[in-house]
file run07.cif (mmCIF, C-alpha atoms)
data_start
loop_
_atom_site.label_atom_id
_atom_site.label_comp_id
_atom_site.auth_asym_id
_atom_site.auth_seq_id
_atom_site.Cartn_x
_atom_site.Cartn_y
_atom_site.Cartn_z
CA MET T 1 -25.08 -101.47 -111.01
CA ALA T 2 -28.64 -102.58 -110.32
CA GLY T 3 -28.71 -105.51 -107.93
CA GLU T 4 -24.94 -105.67 -107.38
CA SER T 5 -23.02 -102.94 -105.58
CA GLU T 6 -19.32 -102.45 -106.14
CA ARG T 7 -18.69 -103.75 -102.63
CA GLU T 8 -20.67 -106.91 -103.38
CA LEU T 9 -18.75 -107.45 -106.61
CA GLN T 10 -15.43 -107.06 -104.82
CA GLN T 11 -16.53 -109.60 -102.23
CA LEU T 12 -17.53 -111.93 -105.06
CA LYS T 13 -14.10 -111.61 -106.67
CA LYS T 14 -12.45 -112.53 -103.38
CA ARG T 15 -14.73 -115.54 -103.04
CA ILE T 16 -13.95 -116.61 -106.61
CA GLU T 17 -10.21 -116.44 -105.93
CA GLU T 18 -10.71 -118.61 -102.84
CA LEU T 19 -12.68 -121.20 -104.84
CA ALA T 20 -10.08 -121.26 -107.61
CA SER T 21 -7.25 -121.79 -105.11
CA ARG T 22 -9.20 -124.50 -103.29
CA SER T 23 -9.83 -126.36 -106.55
CA TYR T 24 -6.16 -126.17 -107.52
CA GLU T 25 -4.71 -127.06 -104.13
CA HIS T 26 -7.09 -129.90 -103.24
CA ASN T 27 -7.67 -131.31 -106.73
CA ILE T 28 -11.46 -130.98 -106.46
CA TYR T 29 -14.28 -129.22 -108.29
CA THR T 30 -15.52 -126.02 -106.64
CA TYR T 31 -18.63 -124.03 -107.52
CA THR T 32 -20.18 -120.63 -107.05
CA GLY T 33 -23.91 -120.14 -106.85
CA PHE T 34 -25.75 -118.86 -109.92
CA LEU T 35 -24.16 -115.63 -111.12
CA SER T 36 -25.99 -112.71 -112.71
CA MET T 37 -24.54 -111.21 -115.88
CA ALA T 38 -22.94 -108.39 -113.89
CA GLU T 39 -21.34 -110.95 -111.60
CA GLN T 40 -20.12 -112.97 -114.58
CA ASP T 41 -18.59 -109.81 -116.01
CA ALA T 42 -16.81 -109.22 -112.69
CA PHE T 43 -15.34 -112.72 -113.01
CA TYR T 44 -14.17 -112.08 -116.59
CA GLU T 45 -12.37 -108.95 -115.38
CA MET T 46 -10.23 -111.07 -113.07
CA ALA T 47 -10.03 -114.30 -115.09
CA SER T 48 -6.54 -113.48 -116.39
CA ARG T 49 -5.25 -113.68 -112.80
CA LEU T 50 -6.34 -117.31 -112.61
CA GLN T 51 -4.09 -118.66 -115.33
CA GLY T 52 -3.66 -122.42 -115.33
CA ILE T 53 -6.92 -123.09 -113.47
CA ALA T 54 -9.63 -124.59 -115.66
CA TYR T 55 -13.14 -123.16 -115.35
CA GLU T 56 -16.55 -123.43 -116.98
CA LEU T 57 -19.82 -121.52 -116.81
CA TYR T 58 -23.11 -123.39 -117.15
CA GLY T 59 -26.72 -122.69 -116.26
CA GLY T 60 -28.43 -126.05 -116.72
CA ARG T 61 -28.98 -125.87 -120.48
CA GLU T 62 -27.97 -123.78 -123.48
CA ASN T 63 -28.79 -120.07 -123.59
CA CYS T 64 -29.09 -119.56 -119.83
CA GLU T 65 -28.24 -116.06 -118.61
CA ARG T 66 -27.71 -116.92 -114.96
CA GLN T 67 -24.85 -119.39 -114.76
CA MET T 68 -22.85 -121.29 -112.19
CA LEU T 69 -19.05 -121.00 -112.29
CA ARG T 70 -17.07 -124.20 -111.78
CA PHE T 71 -13.34 -124.56 -111.28
CA GLY T 72 -11.70 -127.80 -112.38
CA SER T 73 -12.08 -130.06 -115.40
CA GLU T 74 -11.83 -133.74 -116.19
CA GLU T 75 -8.54 -133.08 -117.95
CA SER T 76 -6.98 -131.20 -115.02
CA LEU T 77 -8.43 -133.26 -112.16
CA GLY T 78 -8.55 -136.72 -113.73
CA TYR T 79 -12.25 -137.34 -113.10
CA GLY T 80 -15.59 -135.94 -114.21
CA GLU T 81 -18.43 -134.43 -112.22
CA GLU T 82 -21.83 -133.02 -113.16
CA PHE T 83 -22.79 -129.47 -112.22
CA PRO T 84 -24.95 -129.58 -109.05
CA ILE T 85 -27.91 -128.09 -110.91
CA ALA T 86 -31.48 -129.37 -110.78
CA CYS T 87 -34.48 -128.43 -112.89
CA LEU T 88 -37.95 -128.16 -111.34
CA TRP T 89 -41.25 -128.25 -113.20
CA VAL T 90 -43.80 -126.00 -111.51
CA ARG T 91 -47.35 -126.27 -112.86
CA PRO T 92 -50.92 -125.56 -111.71
CA VAL T 93 -52.88 -128.23 -109.86
CA LEU T 94 -55.91 -127.21 -111.95
CA GLU T 95 -54.75 -125.43 -115.09
CA LYS T 96 -58.21 -124.21 -116.18
CA PHE T 97 -58.49 -122.13 -112.97
CA ALA T 98 -54.87 -120.93 -112.94
CA ASP T 99 -53.78 -117.29 -113.06
CA ASN T 100 -51.75 -115.97 -115.95
CA VAL T 101 -48.48 -115.80 -114.06
CA THR T 102 -45.21 -114.14 -115.00
CA HIS T 103 -41.51 -114.72 -114.43
CA ARG T 104 -41.69 -112.29 -111.51
CA ASP T 105 -44.57 -114.23 -109.95
CA PHE T 106 -42.65 -117.52 -109.99
CA LEU T 107 -39.46 -115.89 -108.72
CA GLY T 108 -41.31 -114.07 -105.94
CA ALA T 109 -43.11 -117.21 -104.79
CA ILE T 110 -39.85 -119.16 -104.53
CA MET T 111 -37.96 -116.31 -102.87
CA ASN T 112 -40.75 -116.09 -100.27
CA LEU T 113 -39.65 -119.53 -99.10
CA GLY T 114 -36.48 -117.89 -97.80
CA ILE T 115 -34.43 -118.94 -100.81
CA SER T 116 -31.31 -116.94 -101.68
CA ARG T 117 -31.28 -115.50 -105.23
CA GLY T 118 -27.87 -117.07 -105.79
CA THR T 119 -29.35 -120.57 -105.47
CA LEU T 120 -31.72 -119.92 -108.40
CA GLY T 121 -30.89 -119.91 -112.08
CA ASP T 122 -33.07 -119.05 -115.05
CA ILE T 123 -36.84 -119.51 -115.06
CA PHE T 124 -38.43 -120.53 -118.37
CA ILE T 125 -42.17 -119.93 -118.71
CA GLN T 126 -44.24 -122.49 -120.63
CA GLY T 127 -47.88 -121.38 -120.70
CA LYS T 128 -49.04 -121.32 -117.08
CA SER T 129 -46.15 -123.51 -115.95
CA ALA T 130 -42.44 -122.88 -115.49
CA TYR T 131 -39.15 -124.74 -115.49
CA VAL T 132 -36.86 -123.45 -112.75
CA PHE T 133 -33.14 -124.13 -112.48
CA CYS T 134 -31.75 -124.24 -108.97
CA GLU T 135 -28.89 -125.64 -106.91
CA ASP T 136 -29.46 -129.36 -106.50
CA ARG T 137 -29.25 -129.11 -102.71
CA MET T 138 -32.31 -126.81 -102.67
CA ALA T 139 -34.48 -128.71 -105.16
CA ASP T 140 -36.28 -131.02 -102.74
CA TYR T 141 -36.93 -128.19 -100.27
CA ILE T 142 -38.52 -126.06 -102.98
CA ALA T 143 -40.53 -128.99 -104.34
CA ASP T 144 -41.85 -129.81 -100.85
CA HIS T 145 -42.75 -126.25 -99.83
CA LEU T 146 -43.81 -124.36 -102.97
CA GLU T 147 -47.61 -124.54 -102.88
CA ARG T 148 -48.81 -121.33 -104.51
CA VAL T 149 -47.79 -118.86 -107.18
CA ARG T 150 -49.96 -115.80 -106.68
CA HIS T 151 -53.43 -117.29 -106.11
CA THR T 152 -52.75 -120.49 -108.03
CA ARG T 153 -52.11 -123.78 -106.24
CA VAL T 154 -49.15 -125.52 -107.85
CA LYS T 155 -47.28 -128.80 -107.73
CA CYS T 156 -43.54 -128.97 -108.16
CA THR T 157 -41.41 -131.94 -109.20
CA ARG T 158 -37.94 -132.55 -110.59
CA ALA T 159 -37.65 -132.55 -114.36
CA ASP T 160 -35.13 -133.62 -116.97
CA ALA T 161 -34.38 -130.30 -118.64
CA VAL T 162 -32.71 -131.88 -121.66
CA LYS T 163 -35.72 -134.09 -122.44
CA GLU T 164 -38.63 -132.00 -121.17
CA LEU T 165 -37.67 -128.36 -121.75
CA PRO T 166 -37.75 -127.41 -125.44
CA VAL T 167 -34.78 -125.45 -126.72
CA GLN T 168 -35.83 -121.83 -126.96
CA GLU T 169 -35.51 -120.60 -130.51
CA PRO T 170 -35.34 -116.82 -131.09
CA GLU T 171 -38.05 -115.16 -133.15
CA ALA T 172 -36.55 -113.72 -136.34
CA VAL T 173 -37.33 -110.05 -137.04
CA SER T 174 -36.15 -107.61 -139.71
CA PHE T 175 -35.94 -103.83 -139.40
CA THR T 176 -34.18 -100.81 -140.88
CA VAL T 177 -31.43 -98.80 -139.19
CA SER T 178 -29.08 -96.04 -140.30
CA SER T 179 -26.03 -97.92 -138.94
CA GLU T 180 -25.09 -101.04 -136.99
CA ARG T 181 -24.53 -99.09 -133.77
CA ALA T 182 -25.76 -100.92 -130.68
CA ASP T 183 -27.77 -98.01 -129.26
CA GLY T 184 -29.80 -97.64 -132.44
CA MET T 185 -30.43 -101.38 -132.67
CA ILE T 186 -31.63 -101.60 -129.08
CA ALA T 187 -33.90 -98.57 -129.49
CA LYS T 188 -35.44 -100.07 -132.62
CA LEU T 189 -35.92 -103.59 -131.29
CA TYR T 190 -37.49 -102.58 -127.98
CA HIS T 191 -39.36 -99.52 -129.27
CA LEU T 192 -37.37 -97.10 -127.13
CA SER T 193 -36.30 -93.52 -127.68
CA ARG T 194 -32.64 -93.05 -128.55
CA SER T 195 -32.15 -91.19 -125.25
CA ARG T 196 -33.59 -94.10 -123.26
CA SER T 197 -31.31 -96.49 -125.12
CA LEU T 198 -28.31 -94.33 -124.19
CA GLU T 199 -29.43 -94.30 -120.55
CA LEU T 200 -29.35 -98.11 -120.50
CA PHE T 201 -25.66 -98.01 -121.42
CA ARG T 202 -24.96 -95.45 -118.69
CA GLU T 203 -26.92 -97.57 -116.20
CA LYS T 204 -24.71 -100.58 -117.06
CA LYS T 205 -27.60 -102.68 -118.27
CA ILE T 206 -26.19 -103.77 -121.65
CA PHE T 207 -24.22 -107.00 -122.01
CA VAL T 208 -22.72 -108.19 -125.30
CA ASN T 209 -21.64 -111.83 -125.42
CA GLY T 210 -21.78 -111.97 -121.64
CA ARG T 211 -19.63 -108.90 -121.05
CA LEU T 212 -20.75 -105.51 -119.78
CA ASN T 213 -20.71 -102.99 -122.64
CA GLU T 214 -20.88 -99.27 -121.84
CA ASN T 215 -19.98 -98.17 -125.38
CA SER T 216 -23.23 -97.02 -127.01
CA SER T 217 -21.45 -96.56 -130.35
CA TYR T 218 -20.31 -100.19 -130.40
CA VAL T 219 -20.75 -101.58 -133.92
CA MET T 220 -22.67 -104.83 -133.83
CA LYS T 221 -21.13 -107.94 -135.36
CA ARG T 222 -22.91 -110.92 -136.84
CA GLY T 223 -23.53 -113.47 -134.08
CA ASP T 224 -23.39 -110.99 -131.18
CA VAL T 225 -25.74 -111.94 -128.34
CA VAL T 226 -27.06 -108.87 -126.51
CA SER T 227 -28.82 -108.88 -123.13
CA VAL T 228 -30.69 -105.74 -122.10
CA ARG T 229 -31.61 -105.90 -118.42
CA GLY T 230 -35.29 -105.33 -117.95
CA TYR T 231 -36.12 -105.83 -121.64
CA GLY T 232 -34.77 -109.11 -122.95
CA ARG T 233 -32.13 -110.67 -125.15
CA PHE T 234 -31.44 -110.96 -128.86
CA VAL T 235 -28.87 -112.33 -131.29
CA TYR T 236 -27.78 -110.16 -134.21
CA TYR T 237 -27.89 -111.90 -137.60
CA GLY T 238 -26.36 -109.08 -139.63
CA VAL T 239 -27.13 -106.90 -142.66
CA ARG T 240 -29.57 -108.23 -145.23
CA ARG T 241 -29.27 -105.44 -147.79
CA GLU T 242 -28.89 -101.70 -148.29
CA THR T 243 -32.12 -99.80 -148.93
CA LYS T 244 -32.66 -97.26 -151.71
CA LYS T 245 -32.43 -94.51 -149.10
CA GLY T 246 -28.97 -95.62 -148.00
CA LYS T 247 -30.05 -97.33 -144.80
CA TRP T 248 -29.46 -100.93 -143.72
CA SER T 249 -32.06 -103.66 -143.61
CA VAL T 250 -30.85 -105.95 -140.82
CA SER T 251 -32.20 -108.99 -138.99
CA ALA T 252 -32.04 -110.32 -135.44
CA GLY T 253 -33.54 -113.07 -133.35
CA ILE T 254 -35.42 -112.02 -130.19
CA TYR T 255 -35.80 -114.40 -127.28
CA ARG T 256 -39.36 -113.97 -126.05
#
call {"tool": "encode", "arguments": {"input": "run07.cif", "output": "C-alpha cells"}}
result
Amino acid sequence: MAGESERELQQLKKRIEELASRSYEHNIYTYTGFLSMAEQDAFYEMASRLQGIAYELYGGRENCERQMLRFGSEESLGYGEEFPIACLWVRPVLEKFADNVTHRDFLGAIMNLGISRGTLGDIFIQGKSAYVFCEDRMADYIADHLERVRHTRVKCTRADAVKELPVQEPEAVSFTVSSERADGMIAKLYHLSRSRSLELFREKKIFVNGRLNENSSYVMKRGDVVSVRGYGRFVYYGVRRETKKGKWSVSAGIYR
C-alpha cells in the first residue's frame, strides 16, 4: 500500500486501541493525527472490536479526505469539545509575481519545516493561495516559519474555514459506459486504459465511501463517493438513460 506499510498499519491499529481505551477509562476525548484513506480503512477493519466506544472522523470541513479520529462524544462523556484542528491561509506576498503553485508545492514547503505528515490534513488550492488544515498545536509554528512556496514569498495566517473557504462543489459530467462497473467508470472519467484502471485496484488505490475496494467489478451505486489515489475523487450520480446502442448514459461529479 503506497505510503503505508502493513507494519505501519498494524502499529496504527495498536495505537488506536490504546486511544479508545484511554478515552473510555479516563472519560476524556482522545485523538489521532490526520489519517490517510488507507489508515482510515485500517480503522474500519477493527472498529467492531471497539463496541460501546463513541468515535467520529472529521477533517476540518465537509468532504475532507484526510481526517482525524476522535474517541468520545458529548453524550458519552457529558461535555463537548472541538476537534483540535486549525485552518491556515497561505497566500503570496505579491500575487502578480507569484508562481503557479500546486498541492505538492504547498505540501513540500510545509514538510520542509520538519512537520510530520500526520499533523497535516487536506490542502485546498484557491488560485495562487491555499487553505491548509493542520493540528492546532502546529498552526502557529507553521504560520511563523513558512516563508516560501517554491520561489514565491508567502504570508500565512489562521483562517475561519467555515466562513472563508468556499464549499467545493463537484463539476457535473456525463459519459457513456457499457455497465456500471467501477473499473470502466474510472477508466472513462480519468482517460485511462482499462488495464491501467485494473492496476489501480491491484495497487490498492481505490476507495469507495472511505473504504478500500479491491473489487474491480464492483457495481457502482447512486451516491457512491470514489477516491482514486493519484487522480482525484468523484461522486456517482447514477444512470441518466439507456442509449440506442444498449449502453448507459451516466453522470458523476468530479472534484477538481
call {"tool": "closest_residue", "arguments": {"input": "run07.cif", "among": "T:Leu50, T:Arg15, T:Ser73, T:Met220", "to": "Ile28 in chain T", "atoms": "all atoms listed in the file"}}
result
T:Ser73
call {"tool": "atom_distance", "arguments": {"input": "run07.cif", "atom1": "CA of Glu95 in chain T", "atom2": "CA of Thr152 in chain T"}}
result
8.8 Å
call {"tool": "closest_residue", "arguments": {"input": "run07.cif", "among": "T:Ser195, T:Ser116, T:Ser179, T:Gln126", "to": "Gly238 in chain T", "atoms": "only C-alpha atoms"}}
result
T:Ser179
call {"tool": "axis_aligned_box", "arguments": {"input": "run07.cif", "around": "range 197-206 of chain T", "padding_each_side": "4 Å", "output": "JSON"}}
result
{"center_x": -28.0, "center_y": -99.0, "center_z": -120.7, "size_x": 14.6, "size_y": 17.5, "size_z": 16.9}
call {"tool": "residues_around", "arguments": {"input": "run07.cif", "residues": "Asp99 in chain T", "least_positions_apart": "5", "cutoff": "8 Å", "atoms": "all atoms listed in the file", "output": "PyMOL selection string"}}
result
chain T and resi 128+150-152
call {"tool": "write_last_selection", "arguments": {"input": "run07.cif", "atoms": "C-alpha atoms", "output": "short mmCIF file (atom, residue, chain, number, x, y, z; two decimals), keeping the file's coordinate frame"}}
result
data_model
loop_
_atom_site.label_atom_id
_atom_site.label_comp_id
_atom_site.auth_asym_id
_atom_site.auth_seq_id
_atom_site.Cartn_x
_atom_site.Cartn_y
_atom_site.Cartn_z
CA LYS T 128 -49.04 -121.32 -117.08
CA ARG T 150 -49.96 -115.80 -106.68
CA HIS T 151 -53.43 -117.29 -106.11
CA THR T 152 -52.75 -120.49 -108.03
#
call {"tool": "atom_distance", "arguments": {"input": "run07.cif", "atom1": "CA of Phe133 in chain T", "atom2": "CA of Leu57 in chain T"}}
result
14.2 Å
call {"tool": "resolve_selection", "arguments": {"input": "run07.cif", "expression": "the PyMOL selection byres ((chain T and resi 173) around 8)", "output": "list in words"}}
result
Glu171, Ala172, Ser174, Phe175, Ser251, Ala252, Gly253 and Ile254 of chain T
call {"tool": "atom_distance", "arguments": {"input": "run07.cif", "atom1": "CA of Met111 in chain T", "atom2": "CA of Leu165 in chain T"}}
result
22.4 Å
call {"tool": "closest_residue", "arguments": {"input": "run07.cif", "among": "T:Ala130, T:Tyr24, T:Thr243, T:Glu39", "to": "Gly52 in chain T", "atoms": "all atoms listed in the file"}}
result
T:Tyr24
call {"tool": "residues_around", "arguments": {"input": "run07.cif", "residues": "Leu35 in chain T", "least_positions_apart": "2", "cutoff": "6 Å", "atoms": "all atoms listed in the file", "output": "PyMOL selection string"}}
result
chain T and resi 39-40+66-68
call {"tool": "residues_near_point", "arguments": {"input": "run07.cif", "point": "(-53.4, -130.7, -109.9)", "cutoff": "9 Å", "atoms": "all atoms listed in the file", "output": "ChimeraX atom specification"}}
result
/T:91-95,153-155
call {"tool": "residues_around", "arguments": {"input": "run07.cif", "residues": "Ser227 in chain T", "least_positions_apart": "6", "cutoff": "10 Å", "atoms": "only C-alpha atoms", "output": "number ranges by chain"}}
result
T: 37, 65, 186, 205-212, 233-235, 255
call {"tool": "write_last_selection", "arguments": {"input": "run07.cif", "atoms": "C-alpha atoms", "output": "PDB file, in the frame of the given file"}}
result
ATOM      1  CA  MET T  37     -24.540-111.210-115.880  1.00  0.00           C
ATOM      2  CA  GLU T  65     -28.240-116.060-118.610  1.00  0.00           C
ATOM      3  CA  ILE T 186     -31.630-101.600-129.080  1.00  0.00           C
ATOM      4  CA  LYS T 205     -27.600-102.680-118.270  1.00  0.00           C
ATOM      5  CA  ILE T 206     -26.190-103.770-121.650  1.00  0.00           C
ATOM      6  CA  PHE T 207     -24.220-107.000-122.010  1.00  0.00           C
ATOM      7  CA  VAL T 208     -22.720-108.190-125.300  1.00  0.00           C
ATOM      8  CA  ASN T 209     -21.640-111.830-125.420  1.00  0.00           C
ATOM      9  CA  GLY T 210     -21.780-111.970-121.640  1.00  0.00           C
ATOM     10  CA  ARG T 211     -19.630-108.900-121.050  1.00  0.00           C
ATOM     11  CA  LEU T 212     -20.750-105.510-119.780  1.00  0.00           C
ATOM     12  CA  ARG T 233     -32.130-110.670-125.150  1.00  0.00           C
ATOM     13  CA  PHE T 234     -31.440-110.960-128.860  1.00  0.00           C
ATOM     14  CA  VAL T 235     -28.870-112.330-131.290  1.00  0.00           C
ATOM     15  CA  TYR T 255     -35.800-114.400-127.280  1.00  0.00           C
TER      16      TYR T 255
END
call {"tool": "resolve_selection", "arguments": {"input": "run07.cif", "expression": "the PyMOL selection byres ((chain T and resi 121) around 8)", "output": "list in words"}}
result
Phe34, Gly59, Cys64, Arg66, Gln67, Gly118, Thr119, Leu120, Asp122, Ile123, Val132, Phe133, Cys134 and Glu135 of chain T
call {"tool": "resolve_selection", "arguments": {"input": "run07.cif", "expression": "the PyMOL selection byres ((chain T and resi 55) around 10)", "output": "list in words"}}
result
Ala20, Ser23, Tyr29, Thr30, Tyr31, Ala47, Leu50, Gly52, Ile53, Ala54, Glu56, Leu57, Leu69, Arg70, Phe71, Gly72 and Ser73 of chain T
call {"tool": "closest_residue", "arguments": {"input": "run07.cif", "among": "T:Leu192, T:Ala86, T:Ala182, T:Leu198", "to": "Ser217 in chain T", "atoms": "only C-alpha atoms"}}
result
T:Ala182
call {"tool": "decode", "arguments": {"input": "run07.cif", "residues": "range 104-129 of chain T", "atoms": "N, CA and C atoms", "output": "PDB file, in the first residue's frame"}}
result
ATOM      1  N   ARG T 104       1.308  19.820  -4.374  1.00  0.00           N
ATOM      2  CA  ARG T 104       2.596  19.241  -3.995  1.00  0.00           C
ATOM      3  C   ARG T 104       3.571  20.321  -3.536  1.00  0.00           C
ATOM      4  N   ASP T 105       3.531  21.483  -4.167  1.00  0.00           N
ATOM      5  CA  ASP T 105       4.423  22.574  -3.777  1.00  0.00           C
ATOM      6  C   ASP T 105       4.127  23.042  -2.352  1.00  0.00           C
ATOM      7  N   PHE T 106       2.854  23.242  -2.040  1.00  0.00           N
ATOM      8  CA  PHE T 106       2.477  23.676  -0.693  1.00  0.00           C
ATOM      9  C   PHE T 106       2.845  22.610   0.337  1.00  0.00           C
ATOM     10  N   LEU T 107       2.517  21.356   0.022  1.00  0.00           N
ATOM     11  CA  LEU T 107       2.820  20.271   0.959  1.00  0.00           C
ATOM     12  C   LEU T 107       4.321  20.163   1.195  1.00  0.00           C
ATOM     13  N   GLY T 108       5.103  20.224   0.119  1.00  0.00           N
ATOM     14  CA  GLY T 108       6.553  20.113   0.245  1.00  0.00           C
ATOM     15  C   GLY T 108       7.142  21.237   1.072  1.00  0.00           C
ATOM     16  N   ALA T 109       6.654  22.463   0.867  1.00  0.00           N
ATOM     17  CA  ALA T 109       7.179  23.608   1.606  1.00  0.00           C
ATOM     18  C   ALA T 109       6.921  23.460   3.099  1.00  0.00           C
ATOM     19  N   ILE T 110       5.730  22.959   3.456  1.00  0.00           N
ATOM     20  CA  ILE T 110       5.405  22.795   4.880  1.00  0.00           C
ATOM     21  C   ILE T 110       6.180  21.624   5.469  1.00  0.00           C
ATOM     22  N   MET T 111       6.274  20.529   4.729  1.00  0.00           N
ATOM     23  CA  MET T 111       7.019  19.374   5.230  1.00  0.00           C
ATOM     24  C   MET T 111       8.495  19.717   5.443  1.00  0.00           C
ATOM     25  N   ASN T 112       9.028  20.634   4.641  1.00  0.00           N
ATOM     26  CA  ASN T 112      10.428  21.038   4.785  1.00  0.00           C
ATOM     27  C   ASN T 112      10.703  21.781   6.091  1.00  0.00           C
ATOM     28  N   LEU T 113       9.638  22.153   6.789  1.00  0.00           N
ATOM     29  CA  LEU T 113       9.796  22.776   8.106  1.00  0.00           C
ATOM     30  C   LEU T 113      10.024  21.729   9.191  1.00  0.00           C
ATOM     31  N   GLY T 114      10.028  20.456   8.793  1.00  0.00           N
ATOM     32  CA  GLY T 114      10.177  19.373   9.753  1.00  0.00           C
ATOM     33  C   GLY T 114       8.855  18.902  10.316  1.00  0.00           C
ATOM     34  N   ILE T 115       7.787  19.184   9.585  1.00  0.00           N
ATOM     35  CA  ILE T 115       6.435  18.835  10.027  1.00  0.00           C
ATOM     36  C   ILE T 115       6.126  17.388   9.653  1.00  0.00           C
ATOM     37  N   SER T 116       5.544  16.640  10.563  1.00  0.00           N
ATOM     38  CA  SER T 116       5.113  15.274  10.282  1.00  0.00           C
ATOM     39  C   SER T 116       3.856  15.297   9.413  1.00  0.00           C
ATOM     40  N   ARG T 117       3.770  14.353   8.466  1.00  0.00           N
ATOM     41  CA  ARG T 117       2.594  14.305   7.575  1.00  0.00           C
ATOM     42  C   ARG T 117       1.304  14.115   8.365  1.00  0.00           C
ATOM     43  N   GLY T 118       1.396  13.403   9.486  1.00  0.00           N
ATOM     44  CA  GLY T 118       0.198  13.140  10.276  1.00  0.00           C
ATOM     45  C   GLY T 118      -0.382  14.367  10.949  1.00  0.00           C
ATOM     46  N   THR T 119       0.376  15.466  11.006  1.00  0.00           N
ATOM     47  CA  THR T 119      -0.140  16.699  11.603  1.00  0.00           C
ATOM     48  C   THR T 119      -0.865  17.564  10.573  1.00  0.00           C
ATOM     49  N   LEU T 120      -0.825  17.149   9.302  1.00  0.00           N
ATOM     50  CA  LEU T 120      -1.429  17.931   8.221  1.00  0.00           C
ATOM     51  C   LEU T 120      -2.638  17.224   7.630  1.00  0.00           C
ATOM     52  N   GLY T 121      -3.694  17.993   7.415  1.00  0.00           N
ATOM     53  CA  GLY T 121      -4.884  17.465   6.771  1.00  0.00           C
ATOM     54  C   GLY T 121      -4.898  17.812   5.297  1.00  0.00           C
ATOM     55  N   ASP T 122      -6.075  18.083   4.767  1.00  0.00           N
ATOM     56  CA  ASP T 122      -6.214  18.412   3.355  1.00  0.00           C
ATOM     57  C   ASP T 122      -5.699  19.813   3.066  1.00  0.00           C
ATOM     58  N   ILE T 123      -5.288  20.019   1.826  1.00  0.00           N
ATOM     59  CA  ILE T 123      -4.862  21.320   1.333  1.00  0.00           C
ATOM     60  C   ILE T 123      -5.764  21.678   0.158  1.00  0.00           C
ATOM     61  N   PHE T 124      -6.448  22.805   0.263  1.00  0.00           N
ATOM     62  CA  PHE T 124      -7.360  23.246  -0.796  1.00  0.00           C
ATOM     63  C   PHE T 124      -6.750  24.453  -1.502  1.00  0.00           C
ATOM     64  N   ILE T 125      -6.530  24.305  -2.807  1.00  0.00           N
ATOM     65  CA  ILE T 125      -5.932  25.374  -3.603  1.00  0.00           C
ATOM     66  C   ILE T 125      -7.002  26.356  -4.063  1.00  0.00           C
ATOM     67  N   GLN T 126      -6.727  27.642  -3.893  1.00  0.00           N
ATOM     68  CA  GLN T 126      -7.594  28.706  -4.373  1.00  0.00           C
ATOM     69  C   GLN T 126      -6.728  29.703  -5.149  1.00  0.00           C
ATOM     70  N   GLY T 127      -6.667  29.538  -6.484  1.00  0.00           N
ATOM     71  CA  GLY T 127      -5.796  30.387  -7.279  1.00  0.00           C
ATOM     72  C   GLY T 127      -4.341  30.126  -6.931  1.00  0.00           C
ATOM     73  N   LYS T 128      -3.633  31.155  -6.486  1.00  0.00           N
ATOM     74  CA  LYS T 128      -2.235  31.019  -6.102  1.00  0.00           C
ATOM     75  C   LYS T 128      -2.080  30.919  -4.575  1.00  0.00           C
ATOM     76  N   SER T 129      -3.201  30.764  -3.897  1.00  0.00           N
ATOM     77  CA  SER T 129      -3.204  30.618  -2.449  1.00  0.00           C
ATOM     78  C   SER T 129      -3.688  29.224  -2.072  1.00  0.00           C
TER      79      SER T 129
END
